[in-house]
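Participant: What follows is query28.tsv, TSV, C-alpha atoms.
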```tsv
chain	number	residue	atom	x	y	z
F	115	MET	CA	-49.95	-30.33	62.87
F	116	LYS	CA	-50.56	-32.43	59.78
F	117	LYS	CA	-47.86	-30.54	57.84
F	118	THR	CA	-45.41	-31.14	60.68
F	119	LEU	CA	-46.26	-34.83	60.68
F	120	ILE	CA	-45.71	-35.09	56.94
F	121	ALA	CA	-42.38	-33.26	57.24
F	122	LEU	CA	-41.23	-35.64	59.95
F	123	LEU	CA	-42.25	-38.57	57.81
F	124	MET	CA	-40.33	-37.29	54.83
F	125	MET	CA	-37.20	-36.88	56.96
F	126	THR	CA	-37.62	-40.44	58.19
F	127	PHE	CA	-37.91	-41.76	54.67
F	128	ILE	CA	-34.94	-39.74	53.46
F	129	LEU	CA	-32.94	-41.40	56.22
F	130	ALA	CA	-34.33	-44.70	55.10
F	131	GLY	CA	-32.87	-44.04	51.67
F	132	LEU	CA	-29.44	-43.82	53.22
F	133	TYR	CA	-29.80	-47.45	54.24
F	134	GLY	CA	-30.59	-48.83	50.82
F	135	CYS	CA	-34.38	-48.43	50.87
F	136	ASP	CA	-36.07	-47.55	47.59
F	137	VAL	CA	-38.28	-44.75	48.90
F	138	GLU	CA	-41.24	-43.37	46.96
F	139	TYR	CA	-43.50	-42.12	49.73
F	140	ASP	CA	-46.35	-39.86	48.68
F	141	SER	CA	-49.00	-40.54	51.31
F	142	SER	CA	-49.93	-38.43	54.32
F	143	GLU	CA	-51.01	-41.53	56.19
F	144	VAL	CA	-48.59	-43.13	58.65
F	145	VAL	CA	-48.56	-46.90	58.92
F	146	ASN	CA	-48.21	-48.54	62.33
F	147	MET	CA	-48.22	-45.52	64.61
F	148	THR	CA	-48.31	-48.00	67.50
F	149	PRO	CA	-46.42	-51.29	67.83
F	150	VAL	CA	-47.94	-54.18	65.89
F	151	TYR	CA	-48.73	-57.29	67.97
F	152	THR	CA	-49.03	-60.57	66.03
F	153	LEU	CA	-50.68	-63.64	67.51
F	154	VAL	CA	-48.67	-66.86	67.22
F	155	GLU	CA	-50.86	-69.90	67.78
F	156	GLY	CA	-49.03	-73.01	68.92
F	157	GLU	CA	-50.17	-76.52	69.74
F	158	THR	CA	-49.60	-76.08	73.46
F	159	GLU	CA	-49.40	-72.32	73.87
F	160	SER	CA	-50.32	-69.12	72.10
F	161	TYR	CA	-48.42	-65.85	72.48
F	162	TYR	CA	-47.76	-62.51	70.83
F	163	ILE	CA	-44.69	-61.04	69.15
F	164	VAL	CA	-44.08	-57.38	68.34
F	165	GLY	CA	-43.92	-57.07	64.57
F	166	LYS	CA	-44.92	-59.85	62.20
F	167	CYS	CA	-42.20	-62.49	61.97
F	168	LYS	CA	-39.15	-64.03	63.59
F	169	GLU	CA	-37.42	-64.50	60.25
F	170	LEU	CA	-38.14	-63.05	56.82
F	171	SER	CA	-38.60	-66.57	55.48
F	172	GLU	CA	-41.82	-66.83	57.52
F	173	LEU	CA	-43.26	-64.22	55.18
F	174	GLU	CA	-41.53	-65.83	52.17
F	175	ILE	CA	-39.35	-62.73	51.74
F	176	THR	CA	-35.60	-62.66	51.20
F	177	GLU	CA	-33.35	-59.76	52.23
F	178	SER	CA	-32.84	-58.96	48.55
F	179	ASP	CA	-36.58	-58.95	47.87
F	180	LEU	CA	-37.21	-56.75	50.88
F	181	ASN	CA	-35.04	-53.96	49.48
F	182	LYS	CA	-37.28	-53.76	46.42
F	183	TYR	CA	-40.17	-52.46	48.51
F	184	ASP	CA	-40.86	-48.84	49.42
F	185	PHE	CA	-40.53	-48.02	53.09
F	186	ASP	CA	-44.27	-47.94	53.72
F	187	GLU	CA	-44.61	-51.34	52.03
F	188	LYS	CA	-41.88	-52.73	54.26
F	189	ALA	CA	-43.57	-51.23	57.29
F	190	GLU	CA	-46.82	-52.90	56.35
F	191	LYS	CA	-45.34	-56.30	55.53
F	192	LEU	CA	-43.10	-56.51	58.61
F	193	GLY	CA	-45.16	-54.53	61.09
F	194	ILE	CA	-42.45	-51.90	61.51
F	195	TYR	CA	-43.28	-49.32	64.17
F	196	GLY	CA	-43.65	-45.82	62.68
F	197	GLY	CA	-44.56	-43.69	65.69
F	198	TYR	CA	-42.62	-40.90	67.39
F	199	ASP	CA	-42.19	-42.13	70.96
F	200	LYS	CA	-38.74	-41.55	72.43
F	201	THR	CA	-39.18	-44.11	75.21
F	202	MET	CA	-41.18	-47.31	75.09
F	203	THR	CA	-42.07	-50.10	77.50
F	204	ILE	CA	-43.38	-53.27	75.89
F	205	PRO	CA	-45.95	-55.02	78.15
F	206	ALA	CA	-45.50	-58.59	79.38
F	207	GLU	CA	-49.03	-59.42	78.23
F	208	TYR	CA	-51.24	-58.39	75.34
F	209	ASN	CA	-54.91	-59.43	75.14
F	210	GLY	CA	-54.31	-61.78	78.07
F	211	LEU	CA	-51.41	-63.66	76.43
F	212	PRO	CA	-47.66	-63.31	77.01
F	213	VAL	CA	-45.49	-61.24	74.67
F	214	LYS	CA	-42.56	-63.51	73.83
F	215	GLY	CA	-40.64	-61.97	70.96
F	216	ILE	CA	-39.56	-58.92	69.00
F	217	GLY	CA	-39.95	-59.62	65.29
F	218	ALA	CA	-37.56	-58.98	62.43
F	219	TYR	CA	-37.17	-55.25	61.68
F	220	ALA	CA	-39.91	-54.46	64.24
F	221	PHE	CA	-38.38	-51.08	65.20
F	222	TYR	CA	-36.19	-50.50	62.14
F	223	LEU	CA	-35.25	-46.82	61.69
F	224	SER	CA	-37.37	-45.69	64.64
F	225	GLY	CA	-36.50	-42.59	66.66
F	226	LEU	CA	-36.58	-44.43	69.99
F	227	GLU	CA	-34.01	-43.41	72.60
F	228	SER	CA	-34.85	-45.92	75.33
F	229	VAL	CA	-36.61	-49.31	75.29
F	230	ASN	CA	-37.73	-51.57	78.13
F	231	LEU	CA	-38.62	-55.14	77.18
F	232	PRO	CA	-40.53	-57.42	79.58
F	233	GLU	CA	-39.12	-60.48	81.31
F	234	THR	CA	-41.31	-62.66	79.06
F	235	ILE	CA	-39.33	-61.89	75.89
F	236	GLU	CA	-37.57	-65.05	74.64
F	237	PHE	CA	-36.11	-63.87	71.34
F	238	ILE	CA	-35.17	-60.67	69.51
F	239	ALA	CA	-35.18	-61.33	65.78
F	240	ASP	CA	-32.98	-60.17	62.90
F	241	LYS	CA	-32.30	-56.41	62.79
F	242	ALA	CA	-35.18	-55.75	65.18
F	243	PHE	CA	-33.65	-52.44	66.32
F	244	SER	CA	-31.28	-51.78	63.42
F	245	ALA	CA	-30.61	-48.22	62.23
F	246	CYS	CA	-32.18	-46.67	65.35
F	247	LYS	CA	-29.71	-43.79	65.37
F	248	SER	CA	-31.01	-42.24	68.62
F	249	LEU	CA	-31.30	-45.44	70.66
F	250	LYS	CA	-29.12	-45.18	73.79
F	251	THR	CA	-30.42	-47.69	76.35
F	252	VAL	CA	-32.12	-51.08	76.18
F	253	SER	CA	-33.27	-53.19	79.11
F	254	ILE	CA	-34.38	-56.79	78.59
F	255	GLY	CA	-36.29	-57.88	81.69
F	256	SER	CA	-35.43	-56.44	85.08
F	257	ASP	CA	-33.15	-57.16	88.01
F	258	SER	CA	-36.15	-58.08	90.15
F	259	GLU	CA	-38.05	-60.20	87.60
F	260	GLY	CA	-35.16	-61.62	85.57
F	261	SER	CA	-35.42	-62.34	81.84
F	262	ALA	CA	-36.39	-65.32	79.69
F	263	VAL	CA	-34.43	-64.13	76.63
F	264	LYS	CA	-32.67	-67.04	74.92
F	265	GLU	CA	-31.78	-65.84	71.43
F	266	PHE	CA	-30.65	-62.83	69.42
F	267	GLY	CA	-30.91	-62.69	65.63
F	268	ASN	CA	-28.47	-61.21	63.13
F	269	GLY	CA	-27.60	-57.52	63.43
F	270	VAL	CA	-30.19	-56.83	66.12
F	271	PHE	CA	-28.66	-53.42	66.95
F	272	MET	CA	-26.85	-52.85	63.66
F	273	ASN	CA	-25.79	-49.23	63.02
F	274	ASP	CA	-27.20	-47.95	66.32
F	275	THR	CA	-24.35	-45.46	66.71
F	276	ALA	CA	-25.69	-43.83	69.91
F	277	LEU	CA	-26.15	-47.10	71.81
F	278	LEU	CA	-24.55	-46.97	75.28
F	279	THR	CA	-25.98	-49.81	77.38
F	280	VAL	CA	-27.89	-53.04	76.88
F	281	ALA	CA	-29.02	-54.62	80.17
F	282	ILE	CA	-29.73	-58.35	80.00
F	283	TRP	CA	-31.25	-59.72	83.20
F	284	SER	CA	-31.21	-63.42	82.32
F	285	ASP	CA	-29.23	-65.92	84.39
F	286	TYR	CA	-27.55	-67.39	81.31
F	287	ALA	CA	-26.03	-65.82	78.22
F	288	PRO	CA	-28.53	-65.92	75.35
F	289	GLU	CA	-27.50	-67.40	72.03
F	290	VAL	CA	-26.01	-64.93	69.54
F	291	PRO	CA	-25.05	-65.49	65.88
F	292	ASP	CA	-21.48	-66.34	64.97
F	293	PHE	CA	-19.36	-63.22	64.77
F	294	ASP	CA	-18.81	-62.61	61.05
F	295	PHE	CA	-18.13	-59.16	59.61
F	296	THR	CA	-18.70	-60.35	56.05
F	297	LYS	CA	-22.29	-61.38	56.82
F	298	ASN	CA	-23.09	-58.60	59.31
F	299	THR	CA	-24.23	-61.20	61.83
F	300	ASN	CA	-22.61	-59.31	64.72
F	301	ILE	CA	-25.46	-58.07	66.92
F	302	PHE	CA	-23.54	-54.82	67.55
F	303	PHE	CA	-22.27	-54.32	63.99
F	304	GLY	CA	-21.81	-50.62	63.25
F	305	THR	CA	-22.15	-49.54	66.90
F	306	ASN	CA	-19.52	-48.23	69.31
F	307	TYR	CA	-19.99	-51.41	71.37
F	308	PRO	CA	-22.28	-50.68	74.32
F	309	ALA	CA	-21.72	-51.94	77.85
F	310	VAL	CA	-23.66	-55.19	78.32
F	311	ILE	CA	-24.94	-54.95	81.89
F	312	VAL	CA	-25.78	-58.19	83.70
F	313	ARG	CA	-26.19	-59.24	87.32
F	314	ASP	CA	-22.87	-59.35	89.16
F	315	MET	CA	-23.23	-63.08	89.78
F	316	ASN	CA	-23.70	-63.74	86.04
F	317	VAL	CA	-20.68	-61.86	84.70
F	318	GLN	CA	-18.44	-64.92	84.49
F	319	SER	CA	-21.06	-67.09	82.80
F	320	PHE	CA	-21.45	-64.48	80.06
F	321	LYS	CA	-17.70	-64.01	79.65
F	322	ALA	CA	-17.11	-67.78	79.53
F	323	ASP	CA	-19.81	-68.45	76.94
F	324	LYS	CA	-18.12	-69.11	73.57
F	325	ALA	CA	-20.85	-67.32	71.66
F	326	TRP	CA	-20.08	-64.18	73.68
F	327	LEU	CA	-16.31	-64.41	73.28
F	328	PHE	CA	-16.06	-61.31	71.12
F	329	TYR	CA	-18.24	-59.25	73.48
F	330	LYS	CA	-16.71	-60.40	76.77
F	331	ASP	CA	-14.74	-57.17	77.27
F	332	TYR	CA	-18.00	-55.21	77.31
F	333	VAL	CA	-19.85	-57.35	79.86
F	334	VAL	CA	-20.18	-55.55	83.21
F	335	GLY	CA	-21.93	-56.53	86.43
F	336	ASN	CA	-24.57	-54.10	87.69
F	337	GLY	CA	-22.29	-53.27	90.61
F	338	GLY	CA	-19.94	-51.61	88.12
F	339	VAL	CA	-22.50	-49.02	87.00
F	340	TYR	CA	-22.11	-45.67	88.70
F	341	GLN	CA	-24.49	-42.73	88.96
F	342	ASN	CA	-22.15	-40.36	87.14
F	343	GLY	CA	-22.34	-42.45	83.99
F	344	ILE	CA	-19.05	-44.28	84.45
F	345	ILE	CA	-19.27	-48.00	83.77
F	346	ALA	CA	-16.16	-49.85	84.91
F	347	GLN	CA	-15.19	-53.19	86.38
F	348	ASP	CA	-12.03	-55.11	87.30
F	349	GLY	CA	-9.89	-52.07	86.59
F	350	VAL	CA	-11.28	-51.48	83.09
F	351	PHE	CA	-13.27	-48.38	82.10
F	352	VAL	CA	-15.83	-49.98	79.76
F	353	LYS	CA	-18.17	-47.13	78.79
F	354	TYR	CA	-19.06	-43.55	79.56
F	355	ALA	CA	-22.85	-43.24	79.59
F	356	GLY	CA	-23.15	-39.94	81.46
F	357	SER	CA	-24.12	-36.43	80.42
F	358	ALA	CA	-21.45	-34.40	82.25
F	359	LYS	CA	-19.03	-32.60	79.95
F	360	SER	CA	-16.08	-32.96	82.32
F	361	VAL	CA	-15.07	-36.45	83.46
F	362	GLU	CA	-12.56	-37.78	85.97
F	363	VAL	CA	-11.41	-41.35	85.45
F	364	PRO	CA	-11.33	-43.03	88.91
F	365	ASP	CA	-8.11	-44.22	90.56
F	366	THR	CA	-9.45	-47.79	90.46
F	367	VAL	CA	-9.15	-47.80	86.65
F	368	GLU	CA	-6.00	-49.27	85.10
F	369	ALA	CA	-7.17	-49.42	81.48
F	370	ILE	CA	-9.53	-47.37	79.34
F	371	GLY	CA	-11.23	-49.87	77.07
F	372	ALA	CA	-11.89	-49.75	73.34
F	373	TYR	CA	-14.64	-47.32	72.31
F	374	ALA	CA	-15.12	-46.23	75.94
F	375	PHE	CA	-15.83	-42.57	75.11
F	376	LYS	CA	-16.15	-42.78	71.33
F	377	GLY	CA	-18.44	-40.11	69.92
F	378	SER	CA	-19.29	-38.57	73.29
F	379	GLN	CA	-19.55	-34.80	73.72
F	380	ILE	CA	-17.23	-34.44	76.71
F	381	THR	CA	-15.07	-31.32	76.71
F	382	SER	CA	-12.44	-32.39	79.24
F	383	VAL	CA	-11.14	-35.56	80.87
F	384	THR	CA	-8.71	-36.17	83.72
F	385	ILE	CA	-7.08	-39.59	83.48
F	386	SER	CA	-5.94	-41.33	86.65
F	387	GLY	CA	-2.23	-41.86	87.18
F	388	ASN	CA	-2.97	-45.58	87.57
F	389	VAL	CA	-4.08	-45.97	83.94
F	390	LYS	CA	-1.61	-48.11	81.99
F	391	SER	CA	-3.30	-48.17	78.59
F	392	ILE	CA	-5.80	-46.23	76.49
F	393	GLY	CA	-7.59	-48.61	74.14
F	394	ARG	CA	-8.50	-48.62	70.49
F	395	GLN	CA	-10.73	-45.68	69.51
F	396	ALA	CA	-11.29	-44.91	73.18
F	397	PHE	CA	-11.85	-41.18	72.47
F	398	ASP	CA	-12.34	-41.39	68.73
F	399	SER	CA	-14.64	-38.69	67.28
F	400	CYS	CA	-14.96	-36.82	70.57
F	401	THR	CA	-15.23	-33.60	68.60
F	402	ALA	CA	-15.84	-31.36	71.63
F	403	LEU	CA	-12.85	-32.67	73.64
F	404	GLU	CA	-10.52	-29.75	74.35
F	405	THR	CA	-8.49	-30.85	77.37
F	406	VAL	CA	-6.86	-34.14	78.35
F	407	SER	CA	-5.10	-34.04	81.73
F	408	PHE	CA	-3.13	-36.75	83.53
F	409	ALA	CA	-3.23	-37.01	87.32
F	410	ASP	CA	0.19	-37.78	88.86
F	411	GLU	CA	1.68	-36.84	85.48
F	412	GLY	CA	0.29	-40.04	83.98
F	413	LYS	CA	3.08	-41.96	85.68
F	414	ASN	CA	1.86	-45.44	84.68
F	415	LEU	CA	0.65	-44.84	81.12
F	416	GLU	CA	2.47	-47.13	78.69
F	417	VAL	CA	0.29	-47.47	75.58
F	418	ILE	CA	-1.96	-45.19	73.52
F	419	GLY	CA	-4.00	-47.41	71.19
F	420	ILE	CA	-5.04	-47.30	67.56
F	421	ASN	CA	-7.14	-44.22	66.77
F	422	ALA	CA	-7.38	-43.55	70.51
F	423	PHE	CA	-7.84	-39.79	69.96
F	424	GLY	CA	-8.63	-39.87	66.24
F	425	GLY	CA	-10.94	-37.10	65.10
F	426	CYS	CA	-10.70	-35.09	68.34
F	427	THR	CA	-10.89	-31.92	66.29
F	428	ALA	CA	-11.03	-29.47	69.23
F	429	LEU	CA	-7.91	-30.81	70.98
F	430	LYS	CA	-5.11	-28.23	70.86
F	431	THR	CA	-2.39	-29.44	73.23
F	432	PHE	CA	-1.32	-32.83	74.56
F	433	VAL	CA	1.25	-34.05	77.07
F	434	LEU	CA	2.77	-37.47	76.40
F	435	PRO	CA	3.68	-38.83	79.89
F	436	ALA	CA	7.20	-39.89	80.80
F	437	ASN	CA	6.68	-43.68	80.93
F	438	LEU	CA	4.79	-43.94	77.65
F	439	SER	CA	6.42	-46.56	75.43
F	440	VAL	CA	4.06	-47.13	72.48
F	441	ILE	CA	1.88	-44.82	70.38
F	442	LYS	CA	-0.09	-46.98	67.97
F	443	ASP	CA	-1.27	-46.32	64.41
F	444	ARG	CA	-3.42	-43.22	63.82
F	445	ALA	CA	-3.54	-42.50	67.56
F	446	PHE	CA	-4.08	-38.76	66.89
F	447	TYR	CA	-5.36	-39.05	63.33
F	448	ASN	CA	-7.08	-35.90	62.06
F	449	CYS	CA	-6.69	-33.90	65.27
F	450	LYS	CA	-6.77	-30.82	63.10
F	451	ALA	CA	-6.53	-28.22	65.90
F	452	LEU	CA	-3.60	-29.94	67.65
F	453	ASN	CA	-0.80	-27.39	67.59
F	454	THR	CA	1.45	-28.24	70.55
F	455	ILE	CA	2.76	-31.54	71.95
F	456	TYR	CA	4.92	-32.05	75.04
F	457	VAL	CA	6.93	-35.27	74.68
F	458	ASN	CA	8.11	-36.26	78.16
F	459	CYS	CA	8.74	-39.91	77.19
F	460	VAL	CA	12.42	-39.82	76.30
F	461	ASP	CA	12.59	-43.63	76.09
F	462	LEU	CA	9.56	-43.97	73.83
F	463	GLU	CA	9.93	-47.26	71.92
F	464	ILE	CA	7.81	-46.55	68.85
F	465	ILE	CA	5.47	-44.07	67.21
F	466	ASN	CA	3.55	-46.19	64.75
F	467	SER	CA	2.44	-45.29	61.23
F	468	PHE	CA	0.27	-42.22	60.69
F	469	ALA	CA	-0.04	-41.58	64.43
F	470	PHE	CA	-0.15	-37.83	63.69
F	471	LYS	CA	-1.54	-37.96	60.15
F	472	GLY	CA	-3.94	-35.09	59.52
F	473	CYS	CA	-2.56	-33.00	62.40
F	474	ASP	CA	-1.82	-30.21	59.94
F	475	GLY	CA	-1.85	-27.52	62.60
F	476	LEU	CA	0.98	-29.08	64.62
F	477	LYS	CA	3.65	-26.39	64.92
F	478	SER	CA	5.47	-26.94	68.22
F	479	VAL	CA	6.98	-30.06	69.81
F	480	PHE	CA	8.65	-29.80	73.21
F	481	PHE	CA	10.90	-32.81	73.80
F	482	ALA	CA	12.24	-33.62	77.27
F	483	GLY	CA	15.40	-35.25	75.90
F	484	SER	CA	18.26	-34.25	73.65
F	485	GLU	CA	18.29	-33.85	69.89
F	486	GLU	CA	20.24	-37.12	69.65
F	487	GLN	CA	17.60	-38.94	71.71
F	488	PHE	CA	14.81	-37.62	69.49
F	489	ALA	CA	16.70	-38.72	66.37
F	490	ALA	CA	16.97	-42.24	67.86
F	491	LEU	CA	13.21	-42.64	68.29
F	492	ASP	CA	11.52	-45.22	66.07
F	493	ILE	CA	9.08	-42.97	64.21
F	494	ARG	CA	7.28	-44.78	61.39
F	495	GLU	CA	5.92	-43.41	58.10
F	496	GLY	CA	3.18	-40.83	57.89
F	497	ASN	CA	4.33	-38.73	60.85
F	498	GLU	CA	5.78	-35.79	58.95
F	499	ASN	CA	3.56	-33.39	60.88
F	500	LEU	CA	5.44	-34.39	64.02
F	501	THR	CA	8.98	-34.53	62.66
F	502	GLY	CA	8.49	-31.39	60.58
F	503	ALA	CA	7.29	-29.23	63.47
F	504	ASN	CA	9.49	-26.79	65.37
F	505	ILE	CA	11.17	-28.97	68.02
F	506	GLU	CA	12.60	-27.61	71.24
F	507	TYR	CA	14.90	-30.07	73.02
F	508	ASP	CA	15.58	-30.45	76.78
F	509	TYR	CA	12.62	-28.16	77.33
F	510	LEU	CA	12.17	-29.12	81.00
F	511	ASN	CA	15.72	-28.07	81.82
F	512	ALA	CA	15.27	-24.91	79.81
F	513	GLU	CA	12.18	-24.04	81.86
F	514	GLN	CA	14.09	-24.49	85.11
F	515	GLU	CA	16.96	-22.34	83.90
F	516	THR	CA	14.65	-19.48	83.00
F	517	GLU	CA	12.78	-19.44	86.31
F	518	PRO	CA	13.42	-16.10	88.09
F	519	GLU	CA	15.59	-16.22	91.17
F	520	VAL	CA	13.91	-15.35	94.46
F	521	GLU	CA	16.01	-13.60	97.07
F	522	PRO	CA	15.80	-15.38	100.46
F	523	GLU	CA	14.13	-13.59	103.31
F	524	ILE	CA	16.38	-12.84	106.29
F	525	ASN	CA	14.56	-12.79	109.60
F	526	GLY	CA	14.77	-9.46	111.40
F	527	GLU	CA	15.93	-7.51	108.34
F	528	GLU	CA	13.90	-5.35	106.04
```
Translate this file's structure into structure tokens.
Facilitator:
Amino acid sequence: MKKTLIALLMMTFILAGLYGCDVEYDSSEVVNMTPVYTLVEGETESYYIVGKCKELSELEITESDLNKYDFDEKAEKLGIYGGYDKTMTIPAEYNGLPVKGIGAYAFYLSGLESVNLPETIEFIADKAFSACKSLKTVSIGSDSEGSAVKEFGNGVFMNDTALLTVAIWSDYAPEVPDFDFTKNTNIFFGTNYPAVIVRDMNVQSFKADKAWLFYKDYVVGNGGVYQNGIIAQDGVFVKYAGSAKSVEVPDTVEAIGAYAFKGSQITSVTISGNVKSIGRQAFDSCTALETVSFADEGKNLEVIGINAFGGCTALKTFVLPANLSVIKDRAFYNCKALNTIYVNCVDLEIINSFAFKGCDGLKSVFFAGSEEQFAALDIREGNENLTGANIEYDYLNAEQETEPEVEPEINGEE
């Protein structure tokens, strides 16, 4: 048991090294196997936070100084949780006092998959859950009890690549840092942008809040969360949070949002004929995706976004529906197994740069129009895999011509 524990620790600290930590761990002892609760004594009220500080400055540590410490030293200084729980529920009270905050780095690099925070939490500090690679769901408060959360720090969920949903049960949008890629202040920096689930009646207040402007497309009322893992609202498919390998996009959906399926392990998807657009990186890195089907022949699809199917390395064939007008940059980038494309969109306006870059296995293109119509398409640079494939023109007419004739039955005759 002890050897297993040490092995798990070493794996954790190797991972820590990938995030800039100077790791020299040689102890068999694990620091902070349970969450650390720190008493904050105020003039009018005392309360606890999980971890040791709201900001590093409270401990007189800068971000630069912090990276000089070994992981176990960081864990000790910041109260970083080092246990192996997959799910955790933080209590509303500890030692008879309310728990009001999650401290800086409190769960950094943990293996948590699901976290429930009490309604008493008022702030979640800088990078509190950063680099939690397995974290999928977070709930702050509850629908019945509400939530007192008022503030998020910088990069709270930074690099949590598995994160699917964050439920915030407050009546008002909490304060978030200014969105700034250069400073990594974005609370969802390095994630695939989870669905932010709020009460239905609070959706508009979140979307209208200027601090939440960048995240407004991911805010969904709890009425838009379905049992099969589909999260959609107002005609937009926001996130797939289910476990089924085969998914049908509902007829109520008119747009598949950015990052909606990114990184999921679905093997097949049927897209409603009412869908008009597939957003940026919607299916990016869906490495198990083999089949994409369009109900009603995808009659309303007009746009396939940037990197929409990038890295779908198991995808072998694809039908581009008739009304499609725009294929954006790198839409099928590095779809290495893609070998056959059916181009039914004769009036396609543009295939943007590198849309089929990395599709080195592309051998056959079946085009519904004439050779002259294909030559007139606006195909930008980096699409040599498409233009250099074997192209069969007017393929739909050719199929009809080769269909075997069936002799009509004549009643009464053998």
Participant: Quick one: everything within 9 Å of stretch 260-264 of chain F, counting all atoms listed in the file, minus sequence neighbours fewer than 6 positions away in the same chain. Send it as a list of chain:residue names.
Facilitator: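 Selected residues are F:Lys214, F:Gly215, F:Pro232, F:Glu233, F:Thr234, F:Ile235, F:Glu236, F:Phe237, F:Ile238, F:Ile254, F:Ile282, F:Trp283, F:Ser284, F:Asp285, F:Tyr286, F:Ala287, F:Pro288, F:Glu289, F:Val290.
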Participant: Name the residues in contact with stretch 454-458 of chain F at a cut-off of 12 Å, using all atoms listed in the file, excluding same-chain residues fewer than 2 positions from it; report them as a PDB file with C-alpha atoms, keeping the file's coordinate frame.
Facilitator:
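Final output, out35.pdb:
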```pdb
ATOM      1  CA  VAL F 406      -6.860 -34.140  78.350  1.00  0.00           C
ATOM      2  CA  GLU F 411       1.680 -36.840  85.480  1.00  0.00           C
ATOM      3  CA  GLY F 412       0.290 -40.040  83.980  1.00  0.00           C
ATOM      4  CA  LYS F 413       3.080 -41.960  85.680  1.00  0.00           C
ATOM      5  CA  LEU F 415       0.650 -44.840  81.120  1.00  0.00           C
ATOM      6  CA  LEU F 429      -7.910 -30.810  70.980  1.00  0.00           C
ATOM      7  CA  LYS F 430      -5.110 -28.230  70.860  1.00  0.00           C
ATOM      8  CA  THR F 431      -2.390 -29.440  73.230  1.00  0.00           C
ATOM      9  CA  PHE F 432      -1.320 -32.830  74.560  1.00  0.00           C
ATOM     10  CA  VAL F 433       1.250 -34.050  77.070  1.00  0.00           C
ATOM     11  CA  LEU F 434       2.770 -37.470  76.400  1.00  0.00           C
ATOM     12  CA  PRO F 435       3.680 -38.830  79.890  1.00  0.00           C
ATOM     13  CA  ALA F 436       7.200 -39.890  80.800  1.00  0.00           C
ATOM     14  CA  ASN F 437       6.680 -43.680  80.930  1.00  0.00           C
ATOM     15  CA  LEU F 438       4.790 -43.940  77.650  1.00  0.00           C
ATOM     16  CA  SER F 439       6.420 -46.560  75.430  1.00  0.00           C
ATOM     17  CA  ILE F 441       1.880 -44.820  70.380  1.00  0.00           C
ATOM     18  CA  PHE F 446      -4.080 -38.760  66.890  1.00  0.00           C
ATOM     19  CA  CYS F 449      -6.690 -33.900  65.270  1.00  0.00           C
ATOM     20  CA  LYS F 450      -6.770 -30.820  63.100  1.00  0.00           C
ATOM     21  CA  ALA F 451      -6.530 -28.220  65.900  1.00  0.00           C
ATOM     22  CA  LEU F 452      -3.600 -29.940  67.650  1.00  0.00           C
ATOM     23  CA  VAL F 460      12.420 -39.820  76.300  1.00  0.00           C
ATOM     24  CA  ASP F 461      12.590 -43.630  76.090  1.00  0.00           C
ATOM     25  CA  LEU F 462       9.560 -43.970  73.830  1.00  0.00           C
ATOM     26  CA  ILE F 465       5.470 -44.070  67.210  1.00  0.00           C
ATOM     27  CA  PHE F 470      -0.150 -37.830  63.690  1.00  0.00           C
ATOM     28  CA  CYS F 473      -2.560 -33.000  62.400  1.00  0.00           C
ATOM     29  CA  ASP F 474      -1.820 -30.210  59.940  1.00  0.00           C
ATOM     30  CA  GLY F 475      -1.850 -27.520  62.600  1.00  0.00           C
ATOM     31  CA  LEU F 476       0.980 -29.080  64.620  1.00  0.00           C
ATOM     32  CA  LYS F 477       3.650 -26.390  64.920  1.00  0.00           C
ATOM     33  CA  SER F 478       5.470 -26.940  68.220  1.00  0.00           C
ATOM     34  CA  VAL F 479       6.980 -30.060  69.810  1.00  0.00           C
ATOM     35  CA  PHE F 480       8.650 -29.800  73.210  1.00  0.00           C
ATOM     36  CA  PHE F 481      10.900 -32.810  73.800  1.00  0.00           C
ATOM     37  CA  ALA F 482      12.240 -33.620  77.270  1.00  0.00           C
ATOM     38  CA  GLY F 483      15.400 -35.250  75.900  1.00  0.00           C
ATOM     39  CA  SER F 484      18.260 -34.250  73.650  1.00  0.00           C
ATOM     40  CA  GLN F 487      17.600 -38.940  71.710  1.00  0.00           C
ATOM     41  CA  PHE F 488      14.810 -37.620  69.490  1.00  0.00           C
ATOM     42  CA  LEU F 491      13.210 -42.640  68.290  1.00  0.00           C
ATOM     43  CA  ASN F 499       3.560 -33.390  60.880  1.00  0.00           C
ATOM     44  CA  LEU F 500       5.440 -34.390  64.020  1.00  0.00           C
ATOM     45  CA  THR F 501       8.980 -34.530  62.660  1.00  0.00           C
ATOM     46  CA  ALA F 503       7.290 -29.230  63.470  1.00  0.00           C
ATOM     47  CA  ASN F 504       9.490 -26.790  65.370  1.00  0.00           C
ATOM     48  CA  ILE F 505      11.170 -28.970  68.020  1.00  0.00           C
ATOM     49  CA  GLU F 506      12.600 -27.610  71.240  1.00  0.00           C
ATOM     50  CA  TYR F 507      14.900 -30.070  73.020  1.00  0.00           C
ATOM     51  CA  ASP F 508      15.580 -30.450  76.780  1.00  0.00           C
ATOM     52  CA  TYR F 509      12.620 -28.160  77.330  1.00  0.00           C
ATOM     53  CA  LEU F 510      12.170 -29.120  81.000  1.00  0.00           C
ATOM     54  CA  ASN F 511      15.720 -28.070  81.820  1.00  0.00           C
TER      55      ASN F 511
END
```
Participant: Which residue gives the smallest distance to F:Asn316 among F:Asn336, F:Ser399, F:Thr299, F:Gln379, with all atoms listed in the file counted?
Facilitator: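 Ranked by minimum distance to F:Asn316, first place goes to F:Asn336.
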Participant: I'd like the contact shell of F:Ile204 - 10 Å cut-off, all atoms listed in the file, skipping same-chain residues fewer than 2 positions apart - returned as a list of chain:residue names.
Facilitator: F:Pro149, F:Val164, F:Met202, F:Ala206, F:Glu207, F:Tyr208, F:Val213, F:Ile216, F:Val229, F:Asn230, F:Leu231, F:Pro232, F:Glu233, F:Ile235
